[in-house]
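Right, one structure below, let's go through it.
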Amino acid sequence: MPTQSGAILSRGVSIKGSVKFLNELLIDGDVEGTIDSTGTLTIGEHARIRGEIRTKSVKLRGTVEGNIFVTECCELQAGCTLHGDIEAPRLMVDENVTFRGNAKVGTGKSLPA
């Protein structure tokens, strides 16, 4: 369960357009469009995201078709699928992950906001 500052986009919910949030968001539904935040995003196992993601950190358990840009950490958890590029200072990848794209990992220079 998310904290008081967190929000949930439940399974069965579908959004077309941009999603913006401040602190924490769990998405277990479908989003077609951009996701933009200074917070923490969790993409549940039933989620399907089609679009660009820009957040502080991401935990991915579902499916994403699009690029991910994070300022802290991107975590690809077991069973997830990502078709897109990643730019992150830290990248954690579990076993049984499907990732097709390029990854720029490290703190060599600041990432775009």
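Chain labels run A, B, ... following the order of the structure tokens; each chain numbers its residues from 1, and ligands are numbered from 1 in the order shown.
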When you look at range 96-102 of chain A with a cut-off of 8 Å (counting only C-alpha atoms), what residues show up, excluding the ones that are within fewer than 4 positions of it in the same chain? I need them as a PDB file with N, CA and C atoms, in the first residue's frame.
ATOM      1  N   LEU A  76      14.488  -2.655 -12.948  1.00  0.00           N
ATOM      2  CA  LEU A  76      13.731  -3.564 -13.797  1.00  0.00           C
ATOM      3  C   LEU A  76      13.550  -4.860 -13.023  1.00  0.00           C
ATOM      4  N   GLN A  77      12.310  -5.124 -12.586  1.00  0.00           N
ATOM      5  CA  GLN A  77      12.051  -6.268 -11.732  1.00  0.00           C
ATOM      6  C   GLN A  77      11.622  -7.477 -12.549  1.00  0.00           C
ATOM      7  N   ALA A  78      11.756  -8.662 -11.969  1.00  0.00           N
ATOM      8  CA  ALA A  78      11.489  -9.926 -12.650  1.00  0.00           C
ATOM      9  C   ALA A  78      10.133  -9.914 -13.337  1.00  0.00           C
ATOM     10  N   GLY A  79      10.113 -10.328 -14.609  1.00  0.00           N
ATOM     11  CA  GLY A  79       8.872 -10.443 -15.372  1.00  0.00           C
ATOM     12  C   GLY A  79       8.499  -9.215 -16.172  1.00  0.00           C
ATOM     13  N   CYS A  80       9.239  -8.110 -16.019  1.00  0.00           N
ATOM     14  CA  CYS A  80       8.873  -6.884 -16.746  1.00  0.00           C
ATOM     15  C   CYS A  80       9.392  -6.920 -18.184  1.00  0.00           C
ATOM     16  N   THR A  81       8.812  -6.019 -19.012  1.00  0.00           N
ATOM     17  CA  THR A  81       9.230  -5.865 -20.400  1.00  0.00           C
ATOM     18  C   THR A  81       9.421  -4.384 -20.685  1.00  0.00           C
ATOM     19  N   LEU A  82      10.576  -4.016 -21.224  1.00  0.00           N
ATOM     20  CA  LEU A  82      10.850  -2.636 -21.619  1.00  0.00           C
ATOM     21  C   LEU A  82      11.358  -2.616 -23.045  1.00  0.00           C
ATOM     22  N   HIS A  83      10.649  -1.878 -23.896  1.00  0.00           N
ATOM     23  CA  HIS A  83      11.078  -1.628 -25.267  1.00  0.00           C
ATOM     24  C   HIS A  83      11.332  -0.130 -25.356  1.00  0.00           C
ATOM     25  N   GLY A  84      12.563   0.266 -25.113  1.00  0.00           N
ATOM     26  CA  GLY A  84      12.922   1.680 -25.124  1.00  0.00           C
ATOM     27  C   GLY A  84      14.266   1.873 -24.456  1.00  0.00           C
ATOM     28  N   ASP A  85      14.725   3.105 -24.434  1.00  0.00           N
ATOM     29  CA  ASP A  85      16.034   3.424 -23.877  1.00  0.00           C
ATOM     30  C   ASP A  85      15.904   3.882 -22.427  1.00  0.00           C
ATOM     31  N   ILE A  86      16.992   3.735 -21.694  1.00  0.00           N
ATOM     32  CA  ILE A  86      17.054   4.159 -20.294  1.00  0.00           C
ATOM     33  C   ILE A  86      18.224   5.115 -20.133  1.00  0.00           C
TER      34      ILE A  86
END
- If we count only C-alpha atoms, what is near Cys73 in chain A at a cut-off of 6 Å, once residues fewer than 2 positions away on the same chain are taken out, given as a ChimeraX atom specification? /A:57,90-91
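Of note, CA of Lys104 in chain A and CA of Leu9 in chain A are spaced 28.8 Å apart.
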Taking 2 positions as the minimum chain separation for residues in the same chain, which residues sit within 9 Å of range 12-26 of chain A when counting only C-alpha atoms? Answer as a CSV table (one decimal) with N, CA and C atoms, in the first residue's frame.
chain,number,residue,atom,x,y,z
A,2,PRO,N,0.5,2.3,-0.8
A,2,PRO,CA,1.3,3.5,-0.8
A,2,PRO,C,1.1,4.3,0.5
A,3,THR,N,2.0,5.2,0.8
A,3,THR,CA,1.9,6.0,1.9
A,3,THR,C,0.8,7.1,1.7
A,5,SER,N,1.0,10.1,1.0
A,5,SER,CA,1.3,10.9,-0.1
A,5,SER,C,1.2,10.2,-1.5
A,6,GLY,N,1.0,8.9,-1.4
A,6,GLY,CA,1.0,8.1,-2.7
A,6,GLY,C,-0.4,8.0,-3.3
A,7,ALA,N,-0.4,7.6,-4.5
A,7,ALA,CA,-1.7,7.5,-5.3
A,7,ALA,C,-1.6,6.2,-6.1
A,8,ILE,N,-2.8,5.7,-6.5
A,8,ILE,CA,-2.9,4.4,-7.2
A,8,ILE,C,-3.7,4.7,-8.5
A,9,LEU,N,-3.2,4.2,-9.6
A,9,LEU,CA,-4.0,4.1,-10.8
A,9,LEU,C,-4.2,2.6,-11.0
A,10,SER,N,-5.5,2.2,-10.7
A,10,SER,CA,-5.7,0.8,-10.6
A,10,SER,C,-5.8,0.0,-11.9
A,28,ASP,N,-1.2,0.5,-12.2
A,28,ASP,CA,-1.4,-0.9,-12.6
A,28,ASP,C,-2.4,-1.0,-13.7
A,29,GLY,N,-2.7,0.1,-14.4
A,29,GLY,CA,-3.6,0.2,-15.5
A,29,GLY,C,-2.8,0.5,-16.8
A,30,ASP,N,-3.5,1.1,-17.7
A,30,ASP,CA,-2.9,1.5,-19.0
A,30,ASP,C,-2.7,3.0,-19.1
A,31,VAL,N,-1.6,3.4,-19.6
A,31,VAL,CA,-1.3,4.8,-19.9
A,31,VAL,C,-0.7,5.0,-21.2
A,32,GLU,N,-1.3,5.8,-22.1
A,32,GLU,CA,-0.7,6.2,-23.4
A,32,GLU,C,-0.4,7.7,-23.3
A,33,GLY,N,0.8,8.0,-23.2
A,33,GLY,CA,1.3,9.4,-23.1
A,33,GLY,C,2.4,9.5,-22.2
A,34,THR,N,2.8,10.8,-21.8
A,34,THR,CA,4.0,11.0,-21.0
A,34,THR,C,3.6,10.9,-19.5
A,35,ILE,N,4.6,10.5,-18.7
A,35,ILE,CA,4.5,10.5,-17.3
A,35,ILE,C,5.7,11.3,-16.8
A,36,ASP,N,5.4,12.4,-16.0
A,36,ASP,CA,6.4,13.4,-15.6
A,36,ASP,C,6.3,13.6,-14.1
A,37,SER,N,7.4,13.5,-13.4
A,37,SER,CA,7.3,13.7,-11.9
A,37,SER,C,8.7,13.9,-11.3
A,38,THR,N,8.7,14.5,-10.1
A,38,THR,CA,9.9,14.5,-9.3
A,38,THR,C,9.9,13.5,-8.2
A,39,GLY,N,8.9,12.5,-8.3
A,39,GLY,CA,8.7,11.5,-7.3
A,39,GLY,C,9.1,10.1,-7.8
A,40,THR,N,8.5,9.1,-7.1
A,40,THR,CA,8.8,7.7,-7.3
A,40,THR,C,7.6,7.0,-8.0
A,41,LEU,N,7.9,6.4,-9.1
A,41,LEU,CA,6.9,5.7,-9.9
A,41,LEU,C,7.1,4.2,-9.7
A,42,THR,N,6.0,3.5,-9.4
A,42,THR,CA,6.0,2.0,-9.5
A,42,THR,C,5.0,1.6,-10.5
A,43,ILE,N,5.5,0.8,-11.5
A,43,ILE,CA,4.7,0.3,-12.6
A,43,ILE,C,4.3,-1.2,-12.3
A,44,GLY,N,3.1,-1.5,-11.9
A,44,GLY,CA,2.7,-2.8,-11.5
A,44,GLY,C,2.7,-3.8,-12.6
- Per DSSP on the backbone, filter range 32-103 of chain A down to the residues in strand (DSSP E) and report them as an MDAnalysis selection string. chainID A and resid 32 35:37 40:43 48:50 53:60 63:65 68:76 81:83 86:88 90:93 98:100 103
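Between CA of Arg11 in chain A and CA of Met92 in chain A the interatomic distance comes to 25.2 Å.
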- Item | Straight-line distance linking CA of Thr63 in chain A with CA of Glu45 in chain A, stated in Å to one decimal | 7.6 Å
- Message: Restricting the calculation to only C-alpha atoms: of A:Val64, A:Ala47, A:Val58, A:Cys74, which residue gets closest to Val93 in chain A?
- Response: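 The shortest atom-to-atom distance to Val93 in chain A comes from A:Cys74.
Considering only C-alpha atoms, the residue among A:Glu72, A:Arg61, A:Lys56, A:Arg48 positioned nearest to Glu95 in chain A is A:Arg61.
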